[in-house]
file entry.cif (mmCIF, C-alpha atoms and all ligand atoms)
data_model
loop_
_atom_site.group_PDB
_atom_site.id
_atom_site.type_symbol
_atom_site.label_atom_id
_atom_site.label_comp_id
_atom_site.auth_asym_id
_atom_site.auth_seq_id
_atom_site.Cartn_x
_atom_site.Cartn_y
_atom_site.Cartn_z
ATOM 1 C CA MET G 216 21.562 9.072 -7.864
ATOM 2 C CA PRO G 217 22.476 5.369 -7.549
ATOM 3 C CA ASP G 218 25.529 3.934 -9.319
ATOM 4 C CA ALA G 219 24.812 1.898 -12.420
ATOM 5 C CA GLY G 220 24.442 -1.715 -11.374
ATOM 6 C CA GLU G 221 23.287 -0.891 -7.841
ATOM 7 C CA LEU G 222 20.154 -2.795 -6.797
ATOM 8 C CA MET G 223 17.013 -0.687 -6.793
ATOM 9 C CA ASP G 224 16.054 0.221 -3.232
ATOM 10 C CA LEU G 225 12.536 1.622 -3.202
ATOM 11 C CA GLY G 226 13.323 3.631 -0.067
ATOM 12 C CA LEU G 227 10.037 2.655 1.558
ATOM 13 C CA ALA G 228 11.448 1.339 4.845
ATOM 14 C CA ALA G 229 10.038 3.377 7.732
ATOM 15 C CA LYS G 230 7.650 5.315 5.497
ATOM 16 C CA ALA G 231 4.060 5.584 6.781
ATOM 17 C CA CYS G 232 1.378 4.642 4.265
ATOM 18 C CA ALA G 233 -2.414 4.437 4.139
ATOM 19 C CA VAL G 234 -4.240 2.196 1.665
ATOM 20 C CA THR G 235 -8.011 2.394 1.233
ATOM 21 C CA GLY G 236 -9.884 -0.693 0.087
ATOM 22 C CA ALA G 237 -7.163 -2.815 1.666
ATOM 23 C CA SER G 238 -9.178 -5.815 2.834
ATOM 24 C CA ARG G 239 -9.311 -7.492 -0.582
ATOM 25 C CA GLY G 240 -7.906 -7.497 -4.090
ATOM 26 C CA ILE G 241 -5.530 -4.831 -5.362
ATOM 27 C CA GLY G 242 -5.525 -2.823 -2.118
ATOM 28 C CA ARG G 243 -4.714 -5.791 0.070
ATOM 29 C CA GLU G 244 -1.814 -6.825 -2.168
ATOM 30 C CA THR G 245 -0.535 -3.227 -2.279
ATOM 31 C CA ALA G 246 -0.569 -3.091 1.531
ATOM 32 C CA ARG G 247 1.221 -6.455 1.728
ATOM 33 C CA MET G 248 3.942 -5.358 -0.697
ATOM 34 C CA LEU G 249 4.431 -2.036 1.121
ATOM 35 C CA ALA G 250 4.761 -3.940 4.407
ATOM 36 C CA ALA G 251 7.310 -6.306 2.860
ATOM 37 C CA GLU G 252 9.353 -3.215 1.908
ATOM 38 C CA GLY G 253 9.357 -2.218 5.588
ATOM 39 C CA ALA G 254 6.713 0.516 5.377
ATOM 40 C CA SER G 255 4.153 0.930 8.128
ATOM 41 C CA VAL G 256 0.653 0.639 6.698
ATOM 42 C CA LEU G 257 -2.841 1.662 7.777
ATOM 43 C CA LEU G 258 -5.329 -0.667 6.088
ATOM 44 C CA ILE G 259 -8.766 0.846 5.497
ATOM 45 C CA ALA G 260 -12.056 -0.818 4.522
ATOM 46 C CA ARG G 261 -15.593 -1.078 5.874
ATOM 47 C CA GLY G 262 -15.692 -4.764 6.834
ATOM 48 C CA ALA G 263 -13.781 -5.450 10.061
ATOM 49 C CA GLU G 264 -13.452 -9.196 9.421
ATOM 50 C CA GLY G 265 -11.774 -8.875 6.029
ATOM 51 C CA LEU G 266 -9.565 -6.151 7.437
ATOM 52 C CA ALA G 267 -8.398 -8.345 10.310
ATOM 53 C CA GLU G 268 -7.341 -11.107 7.886
ATOM 54 C CA ALA G 269 -5.530 -8.624 5.637
ATOM 55 C CA VAL G 270 -3.752 -7.127 8.654
ATOM 56 C CA GLU G 271 -2.476 -10.600 9.615
ATOM 57 C CA ALA G 272 -1.156 -11.188 6.073
ATOM 58 C CA CYS G 273 0.610 -7.817 6.098
ATOM 59 C CA ARG G 274 2.101 -8.441 9.545
ATOM 60 C CA SER G 275 3.545 -11.750 8.315
ATOM 61 C CA ALA G 276 5.009 -10.022 5.269
ATOM 62 C CA GLY G 277 6.333 -7.005 7.145
ATOM 63 C CA ASP G 278 7.439 -8.373 10.525
ATOM 64 C CA ALA G 279 11.030 -9.047 9.527
ATOM 65 C CA ALA G 280 11.332 -5.567 8.048
ATOM 66 C CA GLY G 281 9.897 -3.908 11.172
ATOM 67 C CA ALA G 282 6.669 -2.703 9.570
ATOM 68 C CA GLU G 283 3.807 -1.609 11.817
ATOM 69 C CA ILE G 284 0.402 -2.643 10.489
ATOM 70 C CA GLU G 285 -2.891 -1.201 11.742
ATOM 71 C CA PRO G 286 -6.547 -1.473 10.621
ATOM 72 C CA LEU G 287 -9.128 1.301 10.339
ATOM 73 C CA ALA G 288 -12.732 0.250 9.704
ATOM 74 C CA LEU G 289 -14.210 3.156 7.786
ATOM 75 C CA ASP G 290 -16.466 4.013 4.847
ATOM 76 C CA VAL G 291 -14.312 6.316 2.704
ATOM 77 C CA ALA G 292 -17.450 8.013 1.349
ATOM 78 C CA GLU G 293 -18.197 9.576 4.740
ATOM 79 C CA VAL G 294 -17.541 13.319 4.780
ATOM 80 C CA ASP G 295 -14.920 13.183 7.545
ATOM 81 C CA ALA G 296 -13.171 10.018 6.273
ATOM 82 C CA GLY G 297 -10.099 11.874 5.002
ATOM 83 C CA GLU G 298 -9.533 13.573 8.328
ATOM 84 C CA ARG G 299 -10.023 10.294 10.195
ATOM 85 C CA ILE G 300 -7.468 8.524 7.998
ATOM 86 C CA VAL G 301 -4.864 11.218 8.607
ATOM 87 C CA ALA G 302 -5.629 11.356 12.358
ATOM 88 C CA ALA G 303 -5.246 7.562 12.623
ATOM 89 C CA CYS G 304 -1.879 7.658 10.809
ATOM 90 C CA ASP G 305 -0.664 10.539 12.977
ATOM 91 C CA GLU G 306 -1.696 8.712 16.121
ATOM 92 C CA ARG G 307 -0.247 5.323 15.171
ATOM 93 C CA PHE G 308 2.800 6.206 13.031
ATOM 94 C CA GLY G 309 3.400 9.890 13.796
ATOM 95 C CA ARG G 310 2.736 10.956 10.207
ATOM 96 C CA LEU G 311 1.476 9.946 6.740
ATOM 97 C CA ASP G 312 3.942 9.814 3.834
ATOM 98 C CA ALA G 313 2.027 7.938 1.127
ATOM 99 C CA LEU G 314 -1.709 7.649 0.513
ATOM 100 C CA VAL G 315 -3.281 5.140 -1.887
ATOM 101 C CA ASN G 316 -6.891 5.966 -2.793
ATOM 102 C CA ASN G 317 -7.968 2.533 -3.986
ATOM 103 C CA ALA G 318 -11.389 1.748 -2.461
ATOM 104 C CA GLY G 319 -13.900 1.129 -5.213
ATOM 105 C CA THR G 320 -16.379 -1.209 -6.793
ATOM 106 C CA ALA G 321 -18.057 -1.863 -10.141
ATOM 107 C CA ARG G 322 -20.872 -3.789 -11.759
ATOM 108 C CA TRP G 323 -21.966 -4.540 -15.303
ATOM 109 C CA ARG G 324 -25.199 -3.089 -16.697
ATOM 110 C CA ASP G 325 -26.606 -1.017 -19.522
ATOM 111 C CA LEU G 326 -26.494 2.801 -19.668
ATOM 112 C CA ASP G 327 -30.293 2.976 -19.464
ATOM 113 C CA GLN G 328 -30.415 0.851 -16.329
ATOM 114 C CA VAL G 329 -28.357 2.983 -13.966
ATOM 115 C CA PRO G 330 -30.530 4.663 -11.326
ATOM 116 C CA GLU G 331 -29.740 8.274 -10.461
ATOM 117 C CA ALA G 332 -28.697 7.333 -6.908
ATOM 118 C CA ASP G 333 -25.954 5.074 -8.308
ATOM 119 C CA TRP G 334 -24.473 7.945 -10.365
ATOM 120 C CA TYR G 335 -24.140 9.937 -7.138
ATOM 121 C CA GLU G 336 -22.725 6.955 -5.278
ATOM 122 C CA ALA G 337 -20.026 6.416 -7.915
ATOM 123 C CA TRP G 338 -19.149 10.116 -7.703
ATOM 124 C CA GLU G 339 -18.870 9.975 -3.884
ATOM 125 C CA LEU G 340 -16.653 6.894 -3.941
ATOM 126 C CA ASN G 341 -14.350 7.771 -6.841
ATOM 127 C CA VAL G 342 -14.168 11.565 -6.679
ATOM 128 C CA MET G 343 -15.267 12.990 -3.319
ATOM 129 C CA ALA G 344 -13.512 10.318 -1.219
ATOM 130 C CA PRO G 345 -10.076 10.790 -2.883
ATOM 131 C CA LEU G 346 -10.637 14.574 -2.907
ATOM 132 C CA ARG G 347 -11.295 14.692 0.842
ATOM 133 C CA ALA G 348 -8.426 12.312 1.612
ATOM 134 C CA MET G 349 -5.980 14.375 -0.472
ATOM 135 C CA ARG G 350 -7.137 17.614 1.147
ATOM 136 C CA ALA G 351 -6.591 16.123 4.597
ATOM 137 C CA ALA G 352 -3.232 14.476 3.837
ATOM 138 C CA ILE G 353 -1.385 16.989 1.677
ATOM 139 C CA PRO G 354 -0.773 19.944 4.031
ATOM 140 C CA ALA G 355 1.499 17.958 6.393
ATOM 141 C CA MET G 356 3.236 16.220 3.450
ATOM 142 C CA ALA G 357 3.907 19.608 1.844
ATOM 143 C CA ALA G 358 5.212 21.026 5.130
ATOM 144 C CA ARG G 359 7.749 18.145 5.267
ATOM 145 C CA GLY G 360 8.518 18.490 1.536
ATOM 146 C CA TRP G 361 7.817 14.818 0.740
ATOM 147 C CA GLY G 362 4.645 12.937 -0.099
ATOM 148 C CA ARG G 363 3.161 10.424 -2.506
ATOM 149 C CA ILE G 364 -0.446 9.945 -3.539
ATOM 150 C CA VAL G 365 -1.690 7.236 -5.892
ATOM 151 C CA ASN G 366 -5.274 7.343 -7.117
ATOM 152 C CA VAL G 367 -6.479 4.022 -8.498
ATOM 153 C CA SER G 368 -8.635 4.783 -11.527
ATOM 154 C CA SER G 369 -9.306 2.403 -14.464
ATOM 155 C CA THR G 370 -8.979 1.786 -18.182
ATOM 156 C CA ALA G 371 -12.674 2.723 -18.177
ATOM 157 C CA ALA G 372 -11.582 6.296 -17.371
ATOM 158 C CA LYS G 373 -9.598 6.568 -20.607
ATOM 159 C CA ARG G 374 -12.091 4.699 -22.762
ATOM 160 C CA PRO G 375 -15.623 4.499 -21.305
ATOM 161 C CA SER G 376 -16.885 0.993 -20.826
ATOM 162 C CA ALA G 377 -20.408 0.631 -22.244
ATOM 163 C CA ARG G 378 -21.186 -1.933 -19.556
ATOM 164 C CA MET G 379 -19.975 0.205 -16.632
ATOM 165 C CA PRO G 380 -21.482 3.655 -17.284
ATOM 166 C CA GLU G 381 -21.439 5.507 -13.952
ATOM 167 C CA TYR G 382 -18.123 3.880 -13.057
ATOM 168 C CA SER G 383 -16.513 5.073 -16.306
ATOM 169 C CA VAL G 384 -17.677 8.656 -15.835
ATOM 170 C CA ALA G 385 -16.588 8.831 -12.191
ATOM 171 C CA LYS G 386 -13.195 7.224 -12.931
ATOM 172 C CA ALA G 387 -12.586 9.768 -15.724
ATOM 173 C CA ALA G 388 -13.356 12.564 -13.263
ATOM 174 C CA GLU G 389 -10.908 10.971 -10.821
ATOM 175 C CA LEU G 390 -8.134 11.317 -13.429
ATOM 176 C CA SER G 391 -8.918 15.001 -13.826
ATOM 177 C CA LEU G 392 -8.936 15.467 -10.053
ATOM 178 C CA SER G 393 -5.628 13.664 -9.769
ATOM 179 C CA ARG G 394 -4.016 15.865 -12.406
ATOM 180 C CA LEU G 395 -5.235 19.083 -10.739
ATOM 181 C CA PHE G 396 -3.766 18.052 -7.392
ATOM 182 C CA ALA G 397 -0.533 16.932 -9.073
ATOM 183 C CA ASP G 398 -0.039 20.306 -10.722
ATOM 184 C CA ARG G 399 -0.828 22.196 -7.533
ATOM 185 C CA HIS G 400 1.497 20.235 -5.220
ATOM 186 C CA ALA G 401 4.436 18.831 -7.234
ATOM 187 C CA GLY G 402 6.542 21.899 -6.415
ATOM 188 C CA GLU G 403 6.088 21.128 -2.711
ATOM 189 C CA GLY G 404 7.474 17.614 -3.090
ATOM 190 C CA VAL G 405 4.051 15.948 -3.017
ATOM 191 C CA LEU G 406 3.762 13.772 -6.115
ATOM 192 C CA VAL G 407 0.226 12.830 -7.131
ATOM 193 C CA ASN G 408 -0.346 10.169 -9.781
ATOM 194 C CA ALA G 409 -3.084 7.858 -11.000
ATOM 195 C CA ILE G 410 -2.976 4.368 -12.373
ATOM 196 C CA CYS G 411 -5.464 2.823 -14.771
ATOM 197 C CA PRO G 412 -5.620 -0.925 -14.276
ATOM 198 C CA GLY G 413 -7.194 -3.210 -16.806
ATOM 199 C CA PRO G 414 -9.398 -6.090 -15.668
ATOM 200 C CA THR G 415 -7.705 -7.766 -12.721
ATOM 201 C CA LYS G 416 -8.352 -11.091 -10.997
ATOM 202 C CA SER G 417 -9.312 -9.565 -7.664
ATOM 203 C CA GLU G 418 -12.373 -10.646 -5.689
ATOM 204 C CA LEU G 419 -14.300 -7.956 -7.605
ATOM 205 C CA TRP G 420 -13.928 -10.068 -10.766
ATOM 206 C CA MET G 421 -13.546 -13.587 -9.437
ATOM 207 C CA ASP G 422 -15.960 -13.911 -6.486
ATOM 208 C CA ALA G 423 -19.337 -15.569 -7.089
ATOM 209 C CA GLY G 424 -21.667 -12.971 -8.631
ATOM 210 C CA GLY G 425 -18.702 -10.721 -9.461
ATOM 211 C CA LEU G 426 -17.735 -9.138 -12.773
ATOM 212 C CA LEU G 427 -16.776 -12.481 -14.343
ATOM 213 C CA ASP G 428 -20.189 -14.007 -13.627
ATOM 214 C CA GLN G 429 -21.900 -10.788 -14.761
ATOM 215 C CA SER G 430 -19.925 -10.756 -18.019
ATOM 216 C CA GLN G 431 -20.802 -14.420 -18.573
ATOM 217 C CA GLU G 432 -24.500 -13.757 -18.077
ATOM 218 C CA LEU G 433 -24.696 -10.527 -20.087
ATOM 219 C CA GLY G 434 -22.522 -11.966 -22.866
ATOM 220 C CA GLY G 435 -24.614 -15.157 -23.042
ATOM 221 C CA ILE G 436 -21.436 -17.225 -22.577
ATOM 222 C CA GLU G 437 -21.752 -20.879 -21.572
ATOM 223 C CA THR G 438 -19.024 -21.369 -18.977
ATOM 224 C CA ARG G 439 -16.982 -19.286 -16.543
ATOM 225 C CA ASP G 440 -13.742 -20.439 -18.188
ATOM 226 C CA GLU G 441 -14.980 -19.266 -21.574
ATOM 227 C CA ALA G 442 -16.031 -15.908 -20.101
ATOM 228 C CA LEU G 443 -12.562 -15.513 -18.567
ATOM 229 C CA ARG G 444 -10.919 -16.372 -21.882
ATOM 230 C CA ALA G 445 -13.204 -13.937 -23.727
ATOM 231 C CA ALA G 446 -12.375 -11.116 -21.289
ATOM 232 C CA GLY G 447 -8.656 -11.848 -21.612
ATOM 233 C CA GLU G 448 -8.683 -12.004 -25.402
ATOM 234 C CA LYS G 449 -9.844 -8.380 -25.635
ATOM 235 C CA ARG G 450 -6.315 -7.191 -24.711
ATOM 236 C CA PRO G 451 -2.958 -7.572 -26.432
ATOM 237 C CA LEU G 452 -1.528 -9.519 -23.469
ATOM 238 C CA GLY G 453 -4.407 -11.970 -23.840
ATOM 239 C CA ARG G 454 -5.327 -12.336 -20.167
ATOM 240 C CA LEU G 455 -6.517 -10.539 -17.057
ATOM 241 C CA ALA G 456 -3.966 -9.064 -14.633
ATOM 242 C CA GLU G 457 -2.994 -10.664 -11.342
ATOM 243 C CA VAL G 458 -3.385 -8.320 -8.363
ATOM 244 C CA GLU G 459 0.410 -8.379 -7.838
ATOM 245 C CA GLU G 460 0.927 -6.838 -11.277
ATOM 246 C CA ILE G 461 -1.203 -3.806 -10.406
ATOM 247 C CA ALA G 462 0.115 -3.484 -6.851
ATOM 248 C CA ALA G 463 3.719 -3.402 -8.125
ATOM 249 C CA ALA G 464 3.017 -0.231 -10.122
ATOM 250 C CA ILE G 465 1.260 1.399 -7.156
ATOM 251 C CA VAL G 466 4.120 0.549 -4.793
ATOM 252 C CA PHE G 467 6.656 1.977 -7.234
ATOM 253 C CA LEU G 468 4.671 5.237 -7.447
ATOM 254 C CA CYS G 469 4.671 5.399 -3.613
ATOM 255 C CA SER G 470 8.426 4.984 -3.543
ATOM 256 C CA GLU G 471 11.465 7.219 -3.402
ATOM 257 C CA ARG G 472 12.311 5.992 -6.913
ATOM 258 C CA ALA G 473 9.234 7.610 -8.490
ATOM 259 C CA SER G 474 10.835 10.992 -7.777
ATOM 260 C CA TYR G 475 10.220 12.429 -11.251
ATOM 261 C CA VAL G 476 6.697 11.144 -11.865
ATOM 262 C CA ALA G 477 3.870 13.634 -11.257
ATOM 263 C CA GLY G 478 0.457 14.028 -12.847
ATOM 264 C CA ALA G 479 0.701 10.684 -14.642
ATOM 265 C CA ALA G 480 -2.200 8.390 -15.452
ATOM 266 C CA TRP G 481 -0.299 5.156 -15.994
ATOM 267 C CA SER G 482 -2.005 2.363 -17.864
ATOM 268 C CA VAL G 483 -1.338 -1.016 -16.231
ATOM 269 C CA ASP G 484 -3.686 -2.828 -18.535
ATOM 270 C CA GLY G 485 -1.882 -5.378 -20.697
ATOM 271 C CA GLY G 486 -2.135 -2.980 -23.627
ATOM 272 C CA THR G 487 -5.926 -2.652 -23.441
ATOM 273 C CA VAL G 488 -6.317 1.056 -24.197
ATOM 274 C CA GLN G 489 -4.447 1.381 -27.465
ATOM 275 C CA VAL G 490 -3.265 4.972 -27.371
ATOM 276 C CA ILE G 491 0.281 6.334 -27.294
ATOM 277 C CA ILE G 492 -0.244 9.233 -24.871
HETATM 278 N N1 LIG Y 1 -10.340 -5.485 -10.525
HETATM 279 C C1 LIG Y 1 -10.359 -4.807 -11.637
HETATM 280 O O1 LIG Y 1 -10.538 -5.359 -12.712
HETATM 281 C C2 LIG Y 1 -10.127 -3.311 -11.631
HETATM 282 C C3 LIG Y 1 -9.838 -2.682 -12.862
HETATM 283 C C4 LIG Y 1 -9.641 -1.307 -12.881
HETATM 284 C C5 LIG Y 1 -9.710 -0.582 -11.721
HETATM 285 N N2 LIG Y 1 -9.998 -1.228 -10.546
HETATM 286 C C6 LIG Y 1 -10.093 -0.398 -9.349
HETATM 287 O O2 LIG Y 1 -9.191 -0.891 -8.374
HETATM 288 C C7 LIG Y 1 -9.701 -0.619 -7.073
HETATM 289 C C8 LIG Y 1 -9.694 -1.909 -6.266
HETATM 290 O O3 LIG Y 1 -10.530 -2.862 -6.910
HETATM 291 P P1 LIG Y 1 -10.472 -4.422 -6.580
HETATM 292 O O4 LIG Y 1 -10.658 -5.105 -7.872
HETATM 293 O O5 LIG Y 1 -9.303 -4.743 -5.748
HETATM 294 O O6 LIG Y 1 -11.836 -4.554 -5.748
HETATM 295 P P2 LIG Y 1 -12.268 -5.573 -4.588
HETATM 296 O O7 LIG Y 1 -11.546 -6.857 -4.703
HETATM 297 O O8 LIG Y 1 -13.755 -5.604 -4.597
HETATM 298 O O9 LIG Y 1 -11.792 -4.803 -3.264
HETATM 299 C C9 LIG Y 1 -12.371 -3.555 -2.979
HETATM 300 C C10 LIG Y 1 -11.891 -3.046 -1.628
HETATM 301 O O10 LIG Y 1 -12.454 -1.753 -1.399
HETATM 302 C C11 LIG Y 1 -13.143 -1.739 -0.150
HETATM 303 N N3 LIG Y 1 -14.225 -0.759 -0.248
HETATM 304 C C12 LIG Y 1 -15.238 -0.714 -1.135
HETATM 305 N N4 LIG Y 1 -16.036 0.325 -0.888
HETATM 306 C C13 LIG Y 1 -15.515 0.979 0.187
HETATM 307 C C14 LIG Y 1 -15.895 2.116 0.936
HETATM 308 N N5 LIG Y 1 -16.981 2.832 0.623
HETATM 309 N N6 LIG Y 1 -15.120 2.498 1.989
HETATM 310 C C15 LIG Y 1 -14.012 1.788 2.313
HETATM 311 N N7 LIG Y 1 -13.607 0.699 1.636
HETATM 312 C C16 LIG Y 1 -14.353 0.296 0.591
HETATM 313 C C17 LIG Y 1 -13.573 -3.195 0.057
HETATM 314 O O11 LIG Y 1 -13.799 -3.544 1.412
HETATM 315 P P3 LIG Y 1 -15.243 -3.375 2.132
HETATM 316 O O12 LIG Y 1 -16.275 -3.857 1.158
HETATM 317 O O13 LIG Y 1 -15.136 -4.209 3.381
HETATM 318 O O14 LIG Y 1 -15.371 -1.915 2.437
HETATM 319 C C18 LIG Y 1 -12.334 -3.922 -0.459
HETATM 320 O O15 LIG Y 1 -11.323 -3.924 0.530
HETATM 321 C C19 LIG Y 1 -11.077 -0.003 -7.268
HETATM 322 O O16 LIG Y 1 -10.998 1.394 -7.193
HETATM 323 C C20 LIG Y 1 -11.444 -0.447 -8.675
HETATM 324 O O17 LIG Y 1 -12.369 0.430 -9.279
HETATM 325 C C21 LIG Y 1 -10.200 -2.561 -10.477
#
call {"tool": "encode", "arguments": {"input": "entry.cif", "output": "structure tokens"}}
result
Amino acid sequence: MPDAGELMDLGLAAKACAVTGASRGIGRETARMLAAEGASVLLIARGAEGLAEAVEACRSAGDAAGAEIEPLALDVAEVDAGERIVAACDERFGRLDALVNNAGTARWRDLDQVPEADWYEAWELNVMAPLRAMRAAIPAMAARGWGRIVNVSSTAAKRPSARMPEYSVAKAAELSLSRLFADRHAGEGVLVNAICPGPTKSELWMDAGGLLDQSQELGGIETRDEALRAAGEKRPLGRLAEVEEIAAAIVFLCSERASYVAGAAWSVDGGTVQVII
């Protein structure tokens, strides 16, 4: 253990990481922070253009620390996506130490307006994709006796959001999945955790037509600024999160320093879900 007063070294230098949904928002910032710590990172998303820009940002952040940064254009909902992520990490970095299952999306609408296909799609993206990726990644991590997995869920998993029905249900299932894998693999040195972000100023919220605009329209609110203020006021901290504030928690859970955290579902939500467990 470190001496009292010693600076906290996350121990991420030379670790090999994979981050899904890394071309924008929370995933992109997580990849950038991991790179700045000296970790090599595989950035995964469907759109090659966004990926290329994110890769450049990560290379700038990680160059000095010797990080290797590589893209993988892939839909994580494909059945062989987990195996392809692990194969790409093996090929480019020689192994995979930390996996962040972050790819996701959401939209606002009423419970009665969600078509059946969208329930299945939410399940594929938030449950089957992390399940397949964990199944593919964990055996080699367990054989080496060290691994980290972070599943990015949501406050909506702990307290269903009436405006995001299929998302809430799938994110709750993702917490259960995360806990099952944590219990199974902690004894092998593979620590699986989830985080539950509150509303965060990623592209998902802030882009034109995104969650902010949807909340403005559905809430009958006059301006974007007012809608942002209204969304912020629903939480004790009084504002939405910045992507850096969510990424910091993910990076910590990927690190050497999170050595006694397993099976957690950490709220990083400005106090939004007001429970004490
Ligand atoms: N922002 C929030 O308020 C908030 C709150 C709680 C939880 N979360 C969760 O945090 C995660 C990240 O959200 P964000 O706000 O950063 O979203 P974002 O800004 O929309 O970014 C989403 C990322 O996921 C990728 N992606 C989406 N579907 C994919 C697929 N099928 N295969 C591969 N990549 C895919 C996107 O790239 P492509 O489109 O190019 O594939 C993009 O890189 C999600 O799981 C979300 O549910 C977000």
call {"tool": "residues_around", "arguments": {"input": "entry.cif", "residues": "Ala479 in chain G", "least_positions_apart": "5", "cutoff": "12 Å", "atoms": "all atoms listed in the file", "output": "PyMOL selection string"}}
result
chain G and resi 364-368+390-398+401+406-411+465+468+473+492
call {"tool": "write_last_selection", "arguments": {"input": "entry.cif", "atoms": "C-alpha atoms", "output": "short mmCIF file (atom, residue, chain, number, x, y, z; two decimals), in the frame of the given file"}}
result
data_model
loop_
_atom_site.label_atom_id
_atom_site.label_comp_id
_atom_site.auth_asym_id
_atom_site.auth_seq_id
_atom_site.Cartn_x
_atom_site.Cartn_y
_atom_site.Cartn_z
CA ILE G 364 -0.45 9.94 -3.54
CA VAL G 365 -1.69 7.24 -5.89
CA ASN G 366 -5.27 7.34 -7.12
CA VAL G 367 -6.48 4.02 -8.50
CA SER G 368 -8.64 4.78 -11.53
CA LEU G 390 -8.13 11.32 -13.43
CA SER G 391 -8.92 15.00 -13.83
CA LEU G 392 -8.94 15.47 -10.05
CA SER G 393 -5.63 13.66 -9.77
CA ARG G 394 -4.02 15.86 -12.41
CA LEU G 395 -5.24 19.08 -10.74
CA PHE G 396 -3.77 18.05 -7.39
CA ALA G 397 -0.53 16.93 -9.07
CA ASP G 398 -0.04 20.31 -10.72
CA ALA G 401 4.44 18.83 -7.23
CA LEU G 406 3.76 13.77 -6.12
CA VAL G 407 0.23 12.83 -7.13
CA ASN G 408 -0.35 10.17 -9.78
CA ALA G 409 -3.08 7.86 -11.00
CA ILE G 410 -2.98 4.37 -12.37
CA CYS G 411 -5.46 2.82 -14.77
CA ILE G 465 1.26 1.40 -7.16
CA LEU G 468 4.67 5.24 -7.45
CA ALA G 473 9.23 7.61 -8.49
CA ILE G 492 -0.24 9.23 -24.87
#
call {"tool": "resolve_selection", "arguments": {"input": "entry.cif", "expression": "the PyMOL selection byres (((not hetatm)) within 7 of (chain Y and resi 1))", "output": "PDB file with C-alpha atoms, in the frame of the given file"}}
result
ATOM      1  CA  THR G 235      -8.011   2.394   1.233  1.00  0.00           C
ATOM      2  CA  GLY G 236      -9.884  -0.693   0.087  1.00  0.00           C
ATOM      3  CA  ALA G 237      -7.163  -2.815   1.666  1.00  0.00           C
ATOM      4  CA  SER G 238      -9.178  -5.815   2.834  1.00  0.00           C
ATOM      5  CA  ARG G 239      -9.311  -7.492  -0.582  1.00  0.00           C
ATOM      6  CA  GLY G 240      -7.906  -7.497  -4.090  1.00  0.00           C
ATOM      7  CA  ILE G 241      -5.530  -4.831  -5.362  1.00  0.00           C
ATOM      8  CA  GLY G 242      -5.525  -2.823  -2.118  1.00  0.00           C
ATOM      9  CA  ARG G 243      -4.714  -5.791   0.070  1.00  0.00           C
ATOM     10  CA  ILE G 259      -8.766   0.846   5.497  1.00  0.00           C
ATOM     11  CA  ALA G 260     -12.056  -0.818   4.522  1.00  0.00           C
ATOM     12  CA  ARG G 261     -15.593  -1.078   5.874  1.00  0.00           C
ATOM     13  CA  GLY G 262     -15.692  -4.764   6.834  1.00  0.00           C
ATOM     14  CA  ALA G 263     -13.781  -5.450  10.061  1.00  0.00           C
ATOM     15  CA  GLY G 265     -11.774  -8.875   6.029  1.00  0.00           C
ATOM     16  CA  LEU G 289     -14.210   3.156   7.786  1.00  0.00           C
ATOM     17  CA  ASP G 290     -16.466   4.013   4.847  1.00  0.00           C
ATOM     18  CA  VAL G 291     -14.312   6.316   2.704  1.00  0.00           C
ATOM     19  CA  ALA G 292     -17.450   8.013   1.349  1.00  0.00           C
ATOM     20  CA  ASN G 317      -7.968   2.533  -3.986  1.00  0.00           C
ATOM     21  CA  ALA G 318     -11.389   1.748  -2.461  1.00  0.00           C
ATOM     22  CA  GLY G 319     -13.900   1.129  -5.213  1.00  0.00           C
ATOM     23  CA  THR G 320     -16.379  -1.209  -6.793  1.00  0.00           C
ATOM     24  CA  ALA G 321     -18.057  -1.863 -10.141  1.00  0.00           C
ATOM     25  CA  LEU G 340     -16.653   6.894  -3.941  1.00  0.00           C
ATOM     26  CA  VAL G 367      -6.479   4.022  -8.498  1.00  0.00           C
ATOM     27  CA  SER G 368      -8.635   4.783 -11.527  1.00  0.00           C
ATOM     28  CA  SER G 369      -9.306   2.403 -14.464  1.00  0.00           C
ATOM     29  CA  THR G 370      -8.979   1.786 -18.182  1.00  0.00           C
ATOM     30  CA  CYS G 411      -5.464   2.823 -14.771  1.00  0.00           C
ATOM     31  CA  PRO G 412      -5.620  -0.925 -14.276  1.00  0.00           C
ATOM     32  CA  GLY G 413      -7.194  -3.210 -16.806  1.00  0.00           C
ATOM     33  CA  PRO G 414      -9.398  -6.090 -15.668  1.00  0.00           C
ATOM     34  CA  THR G 415      -7.705  -7.766 -12.721  1.00  0.00           C
ATOM     35  CA  LYS G 416      -8.352 -11.091 -10.997  1.00  0.00           C
ATOM     36  CA  SER G 417      -9.312  -9.565  -7.664  1.00  0.00           C
ATOM     37  CA  GLU G 418     -12.373 -10.646  -5.689  1.00  0.00           C
ATOM     38  CA  LEU G 419     -14.300  -7.956  -7.605  1.00  0.00           C
ATOM     39  CA  TRP G 420     -13.928 -10.068 -10.766  1.00  0.00           C
TER      40      TRP G 420
END
call {"tool": "resolve_selection", "arguments": {"input": "entry.cif", "expression": "the PyMOL selection byres (((chain G and resi 327) around 12) and not hetatm)", "output": "VMD selection string"}}
result
chain G and resid 323 to 326 328 to 331 334 377 to 381
call {"tool": "atom_distance", "arguments": {"input": "entry.cif", "atom1": "CA of Glu403 in chain G", "atom2": "CA of Arg350 in chain G"}}
result
14.2 Å
call {"tool": "atom_distance", "arguments": {"input": "entry.cif", "atom1": "CA of Ala251 in chain G", "atom2": "CA of Ala276 in chain G"}}
result
5.0 Å
call {"tool": "closest_residue", "arguments": {"input": "entry.cif", "among": "G:Leu427, G:Ala282, G:Ala385, G:Val256", "to": "Met343 in chain G", "atoms": "all atoms listed in the file"}}
result
G:Ala385
call {"tool": "resolve_selection", "arguments": {"input": "entry.cif", "expression": "the PyMOL selection byres (((chain G and resi 471) around 8) and not hetatm)", "output": "count of residues only"}}
result
8
